[in-house]
Amino acid sequence: MGAWKLAGPFGGSARSIAIDPRDSGTLIAGSRDSLLYRSNDAGASWRLLPFPLGTPGVFNSILIHPSESAHFYAGLDAGDSPDSGVWESTDGGEQWHVLTGTRGARIESLAISPADAQLIAAGTSKGVFLSADAGATWKRISSETDVEMQDITALAFDPSDTRTLYAGTPHLPWKTTDGGATWHSISTGLIDDSDIFSIRVDPKRPQLVFASACSGIYRSDNAGAAWVKIHGIPGTHRRTHIISEDPINSDTIYAGTTLGLFKSPDGGKTWRHLSFEQVNWMVFDPAEPKTLYLATEYAGILKSMDSGETFHPVNAGFANHRLSQITSDGKRLYASSTYEGLYGGVFVSNDGGLEWSLRANEVALLGRNLHSLTASPGGGSVVFGASEDAILKSADGGKTWSALPAPRLLPSSRPLSNKGRAVIANTGRVRIHTLRAVELEKLVLFAGTDAGLFRSSNMGTTWEQVKAVGLTGIPVLALDAPPNGSSRLAARTSSGLFISVDGGLTWQPSLLPDNSYYLYDVALPPSRDVAILAATSRGLLRSNDEGAHWNLVTEGVPAATVDSVRFNPAQKLEAFLVQFGTVYRTVDGGETWQPFTNDGLRDAAIRTLWFAPDLPRRMFALTTARGALVFDLPQAEVAKQADHAVISNRN
């Protein structure tokens, strides 16, 4: 039948990166949400590795065994989950298992001894752990009762002495010279309470040690006995996540900070600012030392081939964007992400969602993060977006944006208490939850707010509050409309569901079976003679009478949480839902369901399913971390489903 394909937008958060010392074309990159990617062509393309978890963890550190190219270690911080620990793969990342002795410990750093590849150290939330047999067994080598050494944020072996190990903590660095039997603080010269993010020991001069901290960069010429702060980087950039020496010239130092990469040609006396993306980690190409890679917080993987003088993104296939919404104006698709600064905002696709480019970042969006996005269904390149406190409009396909008057309450209509309603400030402004453009006789905008539903018939220039019994003044959290045709609408509130069959002029309450059902999504079919479907915390509900009565659907789908449900705009009785990451399909209007192909969706954590009205053969899945995935339904399969539906109706 085919498979789901990762469509992007590419880029996003990269937390760690490692390069194979024996094959510089092979790189591994770790991200949030337990995502690991591999490149076999020096970053030109990436493939998501089949890591077995969907746990929202972070890979803070990755190692590739120096003499075994297919042997990987990945340190996962999944909070207090038992999935935290050091994970190992011996087949190039195709299969993974957590190493005994580290399970349940949040991994913040990993290090392998340059002198003995069997020695691996893990910096965890429970102290320092050491393996002398390449990870087969582990023992804690820091005191279990020492509160100063519970969170180990950085590790580094002395390259000439396997018994000497440095450890960074949220409160200064420590050192052992006897394999962990004893530890002592090495803080002379450091500002007290310095969070240590990385430690670097010079491979040729072990007495030379660098440490990066929240208070700046430090250098020690006597193996940590005393430190001198390196000046030159502005204080606003002092959170230095990673420090490294140039592989060719150890007097050249690189510092990856919260606001970019700095380079010093003279041991830290002077610095130049080379890039402006937050750097989480960096690696150098062992075969070509002028080539380095940065794992950045929002721009994904950046590559330089001239010792950091210039960088370019290498993110094809690497995705870690959290898309909040997707919409279409009939010509192009738009998707929004939030809290990604200069590297997120509104993305656009001109080829039906196969390739995406950033159209407007947070600056272009007037400093806002748009959690709701909607476009004029009839084309015209008009797009609207909503943050909590503003509504924005673009008339040029998302390039430039201007603020519209936001819905406001008149003094007489302001709620007097906060029981089920929002307390509105004297300005009359309301918090905006959702925005929806529908094509009636002309374009109408609806805004769901903490103070109820508002309507605009003049492209958002003015707003009027919708008056309906039970709906007025109640927080409206979401608005749903059919994939095409908009006379039927659904408004999800903090306490229930309301249905309109006349384009939002009048509304009727829709009572769910009982108060234990929490609504996640509502699917309104294109045709009025097809049932409405509702995704809830207790399963899928179906209504044949405009929401007056509901029945729980159990034929082919478990009576458990359904995250999203959508009708295909081109197939009257076809709909899809997602439950615990598994997609199901119906061809009889939701009466019976069968599992749909999940090839390519493994642990994708799907938030929403979606169809563009003008792309009925392409289904989208918006995920919590991988951006958008697409599935193209073959034309023959579409026809087959249509025939099946006709036969079902005759029976």
# chains A, B, ... in the order shown; residues from 1 in each chain; ligands from 1
call {"tool": "residues_around", "arguments": {"residues": "stretch 519-525 of chain A", "least_positions_apart": "2", "cutoff": "9 Å", "atoms": "only C-alpha atoms", "output": "ChimeraX atom specification"}}
result
/A:478-484,488-490,492,496-497,517,527-537,561-569,572-573,575,589,608
call {"tool": "residues_around", "arguments": {"residues": "A:Val209", "least_positions_apart": "2", "cutoff": "9 Å", "atoms": "only C-alpha atoms", "output": "compact mmCIF listing (two decimals) with N, CA, C and O atoms, in the first residue's frame"}}
result
# COMPACT_ATOMS: atom_id res chain seq x y z
N ILE A 199 33.97 19.78 29.74
CA ILE A 199 35.37 19.77 30.13
C ILE A 199 36.17 19.18 28.97
O ILE A 199 35.78 18.16 28.39
N ARG A 200 37.28 19.84 28.65
CA ARG A 200 38.11 19.40 27.52
C ARG A 200 39.55 19.28 27.99
O ARG A 200 40.14 20.23 28.50
N VAL A 201 40.14 18.09 27.85
CA VAL A 201 41.54 17.86 28.18
C VAL A 201 42.34 17.80 26.89
O VAL A 201 41.99 17.06 25.96
N ASP A 202 43.40 18.58 26.83
CA ASP A 202 44.24 18.61 25.63
C ASP A 202 44.83 17.21 25.40
O ASP A 202 45.47 16.65 26.29
N ARG A 205 48.72 17.62 25.61
CA ARG A 205 49.23 18.21 26.86
C ARG A 205 48.17 18.03 27.93
O ARG A 205 47.36 18.92 28.18
N PRO A 206 48.13 16.88 28.59
CA PRO A 206 47.05 16.60 29.56
C PRO A 206 46.97 17.58 30.71
O PRO A 206 45.93 17.65 31.38
N GLN A 207 48.04 18.34 30.95
CA GLN A 207 47.97 19.33 32.01
C GLN A 207 47.08 20.51 31.63
O GLN A 207 46.61 21.24 32.50
N ALA A 211 37.35 24.29 30.79
CA ALA A 211 36.01 24.02 31.32
C ALA A 211 35.09 25.16 30.91
O ALA A 211 35.47 26.33 30.98
N TYR A 218 36.96 28.71 31.39
CA TYR A 218 38.12 28.66 32.28
C TYR A 218 39.21 27.78 31.68
O TYR A 218 38.92 26.81 30.97
N ARG A 219 40.46 28.12 32.03
CA ARG A 219 41.62 27.37 31.57
C ARG A 219 42.49 27.00 32.77
O ARG A 219 42.69 27.80 33.68
N SER A 220 42.96 25.77 32.75
CA SER A 220 43.90 25.33 33.78
C SER A 220 45.13 24.76 33.10
O SER A 220 45.02 23.92 32.20
N ASP A 221 46.33 25.19 33.53
CA ASP A 221 47.58 24.68 32.99
C ASP A 221 48.23 23.66 33.91
O ASP A 221 49.36 23.23 33.66
N ASN A 222 47.51 23.30 34.98
CA ASN A 222 48.06 22.31 35.93
C ASN A 222 47.03 21.26 36.30
O ASN A 222 46.85 20.93 37.47
N ALA A 223 46.34 20.77 35.28
CA ALA A 223 45.40 19.64 35.43
C ALA A 223 44.29 19.93 36.43
O ALA A 223 43.85 19.05 37.15
N GLY A 224 43.83 21.16 36.44
CA GLY A 224 42.68 21.50 37.27
C GLY A 224 43.01 21.98 38.66
O GLY A 224 42.10 22.31 39.43
N TRP A 227 42.43 27.48 38.21
CA TRP A 227 41.78 27.90 36.97
C TRP A 227 41.93 29.41 36.79
O TRP A 227 41.95 30.16 37.75
call {"tool": "closest_residue", "arguments": {"among": "A:Ser131, A:Ser394, A:Ser264, A:Thr100", "to": "A:Asp116", "atoms": "only C-alpha atoms"}}
result
A:Ser131
call {"tool": "closest_residue", "arguments": {"among": "A:Ala628, A:Cys214, A:Ala447, A:Ile19", "to": "A:Ile196", "atoms": "only C-alpha atoms"}}
result
A:Cys214
call {"tool": "select_by_dssp", "arguments": {"residues": "stretch 49-102 of chain A", "states": "strand (DSSP E)", "output": "VMD selection string"}}
result
chain A and resid 58 to 64 72 to 77 85 to 89 97 to 98
call {"tool": "atom_distance", "arguments": {"atom1": "atom CA of A:Gly330", "atom2": "atom CA of A:Arg368"}}
result
25.1 Å
call {"tool": "residues_around", "arguments": {"residues": "A:Leu440", "least_positions_apart": "2", "cutoff": "7 Å", "atoms": "only C-alpha atoms", "output": "ChimeraX atom specification"}}
result
/A:438,442-444,486,503
call {"tool": "write_last_selection", "arguments": {"atoms": "all heavy atoms", "output": "tab-separated table (two decimals), in the first residue's frame"}}
result
chain	number	residue	atom	x	y	z
A	438	VAL	N	-13.89	30.45	7.49
A	438	VAL	CA	-14.82	29.61	6.74
A	438	VAL	C	-15.40	30.41	5.59
A	438	VAL	O	-15.60	31.63	5.68
A	438	VAL	CB	-15.95	29.07	7.65
A	438	VAL	CG1	-15.39	28.17	8.73
A	438	VAL	CG2	-16.76	30.19	8.27
A	442	LYS	N	-19.44	34.87	1.97
A	442	LYS	CA	-18.14	35.53	1.92
A	442	LYS	C	-17.32	34.97	3.07
A	442	LYS	O	-17.81	34.18	3.89
A	442	LYS	CB	-18.28	37.04	2.04
A	442	LYS	CG	-18.96	37.51	3.31
A	442	LYS	CD	-19.06	39.02	3.33
A	442	LYS	CE	-19.76	39.52	4.58
A	442	LYS	NZ	-19.83	41.01	4.61
A	443	LEU	N	-16.07	35.36	3.15
A	443	LEU	CA	-15.20	34.83	4.19
A	443	LEU	C	-15.64	35.34	5.56
A	443	LEU	O	-15.86	36.54	5.76
A	443	LEU	CB	-13.75	35.25	3.94
A	443	LEU	CG	-12.73	34.66	4.91
A	443	LEU	CD1	-12.53	33.19	4.62
A	443	LEU	CD2	-11.40	35.39	4.80
A	444	VAL	N	-15.77	34.40	6.51
A	444	VAL	CA	-16.12	34.74	7.88
A	444	VAL	C	-15.05	34.16	8.80
A	444	VAL	O	-14.64	33.01	8.64
A	444	VAL	CB	-17.50	34.20	8.27
A	444	VAL	CG1	-17.81	34.51	9.74
A	444	VAL	CG2	-18.58	34.80	7.37
A	486	SER	N	-18.84	24.64	4.52
A	486	SER	CA	-18.68	25.09	5.90
A	486	SER	C	-19.98	25.50	6.58
A	486	SER	O	-19.96	26.28	7.52
A	486	SER	CB	-17.69	26.27	5.93
A	486	SER	OG	-16.47	25.94	5.36
A	503	GLY	N	-23.83	27.81	9.39
A	503	GLY	CA	-22.67	28.67	9.26
A	503	GLY	C	-22.35	29.50	10.47
A	503	GLY	O	-21.71	30.55	10.35
call {"tool": "closest_residue", "arguments": {"among": "A:Arg431, A:Arg332, A:Arg15, A:Arg538", "to": "A:Leu409", "atoms": "only C-alpha atoms"}}
result
A:Arg431
call {"tool": "closest_residue", "arguments": {"among": "A:Gly367, A:Pro286, A:Pro9, A:Thr164", "to": "A:Asp23", "atoms": "only C-alpha atoms"}}
result
A:Pro286
call {"tool": "closest_residue", "arguments": {"among": "A:Pro634, A:Pro52, A:Gly30, A:Gly539", "to": "A:Asp77", "atoms": "only C-alpha atoms"}}
result
A:Gly30
call {"tool": "residues_around", "arguments": {"residues": "A:Gly216", "least_positions_apart": "2", "cutoff": "9 Å", "atoms": "only C-alpha atoms", "output": "list in words"}}
result
Ser194, Ala211, Ser212, Ala213, Cys214, Tyr218, Lys229, Ile230, His231, Ile233, Gly235, His237, Arg238, Arg239 and Thr240 of chain A
call {"tool": "closest_residue", "arguments": {"among": "A:Asp450, A:Asp389, A:Glu362, A:Glu108", "to": "A:Gly127", "atoms": "only C-alpha atoms"}}
result
A:Glu108
call {"tool": "residues_around", "arguments": {"residues": "A:Gly460", "least_positions_apart": "3", "cutoff": "12 Å", "atoms": "only C-alpha atoms", "output": "ChimeraX atom specification"}}
result
/A:382-386,390-394,402-407,435-437,443-447,454-457,463-464
call {"tool": "residues_around", "arguments": {"residues": "A:Thr582", "least_positions_apart": "5", "cutoff": "8 Å", "atoms": "only C-alpha atoms", "output": "list in words"}}
result
Pro595, Phe596 and Asn598 of chain A
call {"tool": "select_by_dssp", "arguments": {"residues": "stretch 308-514 of chain A", "states": "helix (DSSP H, G or I)", "output": "ChimeraX atom specification"}}
result
/A:341-343,411-413
call {"tool": "atom_distance", "arguments": {"atom1": "atom CA of A:Ala287", "atom2": "atom CA of A:Gly25"}}
result
9.6 Å
